[in-house]
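One structure is given below, encoded as structure tokens.
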Amino acid sequence: MRLDEYGAIEVDEFPATRQSLRIAVVTETYPPEVNGVAATIASFVEGLQRRNHVVQLIRPRQGKAEAAGTNDRFHEVLLGGLPIPNYPHLKMGLPSKRALVRLWKHRRPDLVHVVTEGPLGWSAVQAASTLRLPVCSDFRTNFHSYSKHYGIGWLHRPILAYLRKFHNRTRLTMVPTEALRRQLAGEGFHNLKVVARGVDTVQFHPQKRSEVLRQRWGAAPDAPVVLHVGRLAPEKNLAALLAAYDTLMGAYPALTFVFVGDGPSRSELERRCPRAIFAGMRTGDDLAAHYASGDVFLFPSTTETFGNVTTEAMASGLAVVAYDYAAAAQLIESRVSGMLAPVDQTSEFIATAVELVGQPATAARMGRRARTVAEQHSWERVVEELETMFLQVLHSDLPPPAVPPAPSSFSRVIDT
């Protein structure tokens, strides 16, 4: 504060007040569901509240007895949902346009942010258009790429067309990497902006390492532990993971291989990997201890939009072996903070893993460097960037996107 020559306070010394927004966030996944999208959404919802914004969270009810949460800066709206095929623990929202129009007429948000592209997300885009609310979206899951892993590769183009139509009806679509932005722009997606993903560097920390846990796994003090965290499902490129397991167990008999996660492929993996530890689903500090108690992290997926487990492993001080793709491509400098293999080159991925596991001092050095990189991607920084994007959408002079006729039967079914 400063006084002028007359003893009055000079007003230009007051800091600018940050605008408080009312933000409706629409998502079909949220904790206690366990997946990368749910965890990410929870982190940015909490971050927005800390920055003085009011969040109205709209999502499917996960259980009959579940009650909506509420506080001064948070209000949940729970709608109907159905289990997703092959993902029974997840819910898909039902068409809810009329319900959302009624809700937003009564409690009108400043803008709507749609996270997922299911029937609930589609309804939110339509309701926002009806009420002339600014709306933006996230591109978080490569559903069109998943189709080939479930024997429905012929749906790749129709699914991509639906996703393109969905996102092009919003004023801005946020993507986590520049590579994905270029890919989607080439497929006809408009108004794409790169907004990074964050990682909780307090929860995921090398100090969470547990010798008790390593002993439970049967790992000798100086023997390497190779870790994989993620959904055990076909779209995660498990063939490369299995090939790496076979080679590593043959090359290093004292090695302990740990799978953290669950999914439809778990029973097959347990049959194929009898010497591995299957820890199942882990959360919170328990998950953090599992990460930090490993030495090398393997992540072979090439269908992620980002891959939160990569940043969680880096924050936990692990050397990561991954393909030059998604979060790994964006954050890892190969042979400095981790190891990258060319995309879909399984032999290179395996050779890289074998090399790194055989060099524990190098792996430890890369893990320390990975931790340093992760510290630069805290959620506080990411939420600040997200807030900037929301303000740009809210104050944009661009007209709302055009509303084309529904081009497919799928679009008409959920156009409620």
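Ligands are numbered from 1 in the order shown, chains are lettered A, B, ... in the order of the structure tokens, and residues start at 1 in each chain.
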
Check segment 148-229 of chain A with DSSP on the backbone and list each residue it calls strand (DSSP E), as an MDAnalysis selection string.
-> chainID A and resid 172:175 192:194 225:229

Excluding Gly80 of chain A and residues on its chain fewer than 6 positions from it, collect all residues at most 12 Å away from it, counting only C-alpha atoms, and give them as a VMD selection string.
-> chain A and resid 28 58 to 64 66 91 to 96 99 119 to 120

Can you list, as a PyMOL selection string, every protein, DNA or RNA residue that comes within 9 Å of Val336 of chain A when you count only C-alpha atoms, leaving out same-chain residues fewer than 6 positions away?
-> chain A and resi 365-366+369-370

Please provide the set of residues having any atom within 9 Å of Ala315 of chain A, restricted to only C-alpha atoms, with same-chain residues fewer than 5 positions apart removed, written as a tab-separated table (two decimals) with N, CA and C atoms, in the first residue's frame.
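Saved result, result_5.tsv, follows:
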```
chain	number	residue	atom	x	y	z
A	199	VAL	N	0.08	-33.76	-11.56
A	199	VAL	CA	0.32	-34.93	-10.73
A	199	VAL	C	0.47	-34.46	-9.29
A	200	ASP	N	-0.02	-35.26	-8.37
A	200	ASP	CA	0.06	-34.94	-6.94
A	200	ASP	C	1.44	-35.37	-6.44
A	201	THR	N	2.35	-34.41	-6.37
A	201	THR	CA	3.73	-34.73	-5.99
A	201	THR	C	3.91	-34.88	-4.48
A	202	VAL	N	2.84	-34.63	-3.73
A	202	VAL	CA	2.88	-34.90	-2.29
A	202	VAL	C	2.48	-36.34	-2.03
A	203	GLN	N	1.39	-36.76	-2.66
A	203	GLN	CA	0.96	-38.15	-2.48
A	203	GLN	C	1.95	-39.13	-3.10
A	204	PHE	N	2.36	-38.85	-4.34
A	204	PHE	CA	3.29	-39.75	-5.03
A	204	PHE	C	4.70	-39.22	-4.82
A	205	HIS	N	5.45	-39.93	-4.00
A	205	HIS	CA	6.74	-39.41	-3.54
A	205	HIS	C	7.68	-40.58	-3.25
A	206	PRO	N	8.97	-40.44	-3.57
A	206	PRO	CA	9.92	-41.54	-3.28
A	206	PRO	C	9.97	-41.94	-1.82
A	292	ALA	N	6.28	-46.36	-5.19
A	292	ALA	CA	7.61	-46.01	-4.69
A	292	ALA	C	8.45	-47.22	-4.33
A	310	THR	N	2.06	-42.61	-15.89
A	310	THR	CA	3.43	-42.22	-16.22
A	310	THR	C	3.92	-41.13	-15.27
A	367	GLY	N	15.43	-42.17	-12.15
A	367	GLY	CA	14.28	-41.98	-11.27
A	367	GLY	C	14.34	-40.66	-10.53
A	368	ARG	N	15.53	-40.29	-10.08
A	368	ARG	CA	15.68	-39.00	-9.40
A	368	ARG	C	15.40	-37.84	-10.35
A	370	ALA	N	13.49	-38.02	-12.99
A	370	ALA	CA	12.06	-38.07	-13.28
A	370	ALA	C	11.26	-37.34	-12.20
A	371	ARG	N	11.67	-37.53	-10.95
A	371	ARG	CA	11.01	-36.83	-9.85
A	371	ARG	C	11.12	-35.31	-10.03
A	372	THR	N	12.28	-34.84	-10.42
A	372	THR	CA	12.48	-33.41	-10.63
A	372	THR	C	11.56	-32.88	-11.72
A	373	VAL	N	11.41	-33.65	-12.80
A	373	VAL	CA	10.52	-33.25	-13.89
A	373	VAL	C	9.08	-33.21	-13.40
A	374	ALA	N	8.66	-34.23	-12.65
A	374	ALA	CA	7.28	-34.29	-12.16
A	374	ALA	C	6.95	-33.10	-11.26
A	375	GLU	N	7.92	-32.63	-10.49
A	375	GLU	CA	7.69	-31.51	-9.59
A	375	GLU	C	7.32	-30.23	-10.34
```

Of the candidates A:Glu33, A:Glu384, A:Glu187, A:Glu211, which one gets nearest to Gly294 of chain A if we count only C-alpha atoms?
-> A:Glu211

Show which residues sit within 8 Å of Ala240 of chain A, as a list in words. Count only C-alpha atoms, and ignore same-chain residues fewer than 5 positions away.
-> Pro300, Thr346, Phe349 and Ile350 of chain A

Using only N, CA and C atoms, please write the residues we just selected to a file, as a compact mmCIF listing (two decimals), in the first residue's frame.
```
# COMPACT_ATOMS: atom_id res chain seq x y z
N PRO A 300 3.45 -50.04 -21.62
CA PRO A 300 3.48 -50.27 -23.07
C PRO A 300 2.29 -49.73 -23.85
N THR A 346 7.91 -53.44 -30.50
CA THR A 346 7.94 -54.27 -29.30
C THR A 346 9.34 -54.74 -28.96
N PHE A 349 11.14 -51.98 -27.24
CA PHE A 349 10.60 -51.78 -25.90
C PHE A 349 11.20 -52.81 -24.94
N ILE A 350 11.23 -54.07 -25.36
CA ILE A 350 11.77 -55.13 -24.50
C ILE A 350 13.26 -54.95 -24.27
```

Which residue, A:Ala279, A:Leu111, A:Leu79, A:Leu180, has the smallest gap to Gln330 of chain A when you use only C-alpha atoms?
->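 So, comparing all the options, the nearest one is A:Leu180.
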
DSSP helix (DSSP H, G or I) residues within segment 284-358 of chain A, listed as an MDAnalysis selection string = chainID A and resid 284:292 308:315 326:331 346:357

Distance atom CA of Arg335 of chain A-atom CA of Ala289 of chain A, one decimal place?
->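 Computed distance, atom CA of Arg335 of chain A to atom CA of Ala289 of chain A, equals 25.1 Å.
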
Have a look at atom CA of Gly121 of chain A and atom CA of Gly198 of chain A and let me know their distance in Å, one decimal.
->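 If I compute the distance from atom CA of Gly121 of chain A to atom CA of Gly198 of chain A, I get 23.1 Å.
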
Spatial neighbours of Arg102 of chain A, max dist 12 Å, only C-alpha atoms, sep filter under 2 positions, as a ChimeraX atom specification | /A:96-100,104-108,124,127-128,130-131

Produce a file of the selected residues containing C-alpha atoms, as a tab-separated table (two decimals), in the first residue's frame.
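For reference, part-v3.tsv as written:
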```
chain	number	residue	atom	x	y	z
A	96	SER	CA	-30.67	-35.98	-19.71
A	97	LYS	CA	-31.14	-32.88	-21.84
A	98	ARG	CA	-34.49	-31.87	-20.34
A	99	ALA	CA	-33.24	-32.37	-16.79
A	100	LEU	CA	-30.16	-30.24	-17.49
A	104	TRP	CA	-29.53	-24.65	-15.52
A	105	LYS	CA	-32.60	-22.44	-15.79
A	106	HIS	CA	-32.83	-22.61	-11.99
A	107	ARG	CA	-29.08	-22.54	-11.24
A	108	ARG	CA	-27.49	-21.01	-14.31
A	124	ALA	CA	-25.00	-31.29	-21.69
A	127	ALA	CA	-28.72	-28.17	-23.12
A	128	ALA	CA	-25.98	-25.55	-23.08
A	130	THR	CA	-30.46	-24.38	-25.93
A	131	LEU	CA	-29.72	-21.94	-23.10
```

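Taking atom CA of Thr256 of chain A as the reference point, atom CA of Phe278 of chain A is found at 11.0 Å.
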
If we count only C-alpha atoms, what is near Thr70 of chain A at a cut-off of 10 Å, once residues fewer than 4 positions away on the same chain are taken out, given as a PyMOL selection string?
-> chain A and resi 55-57+74-77
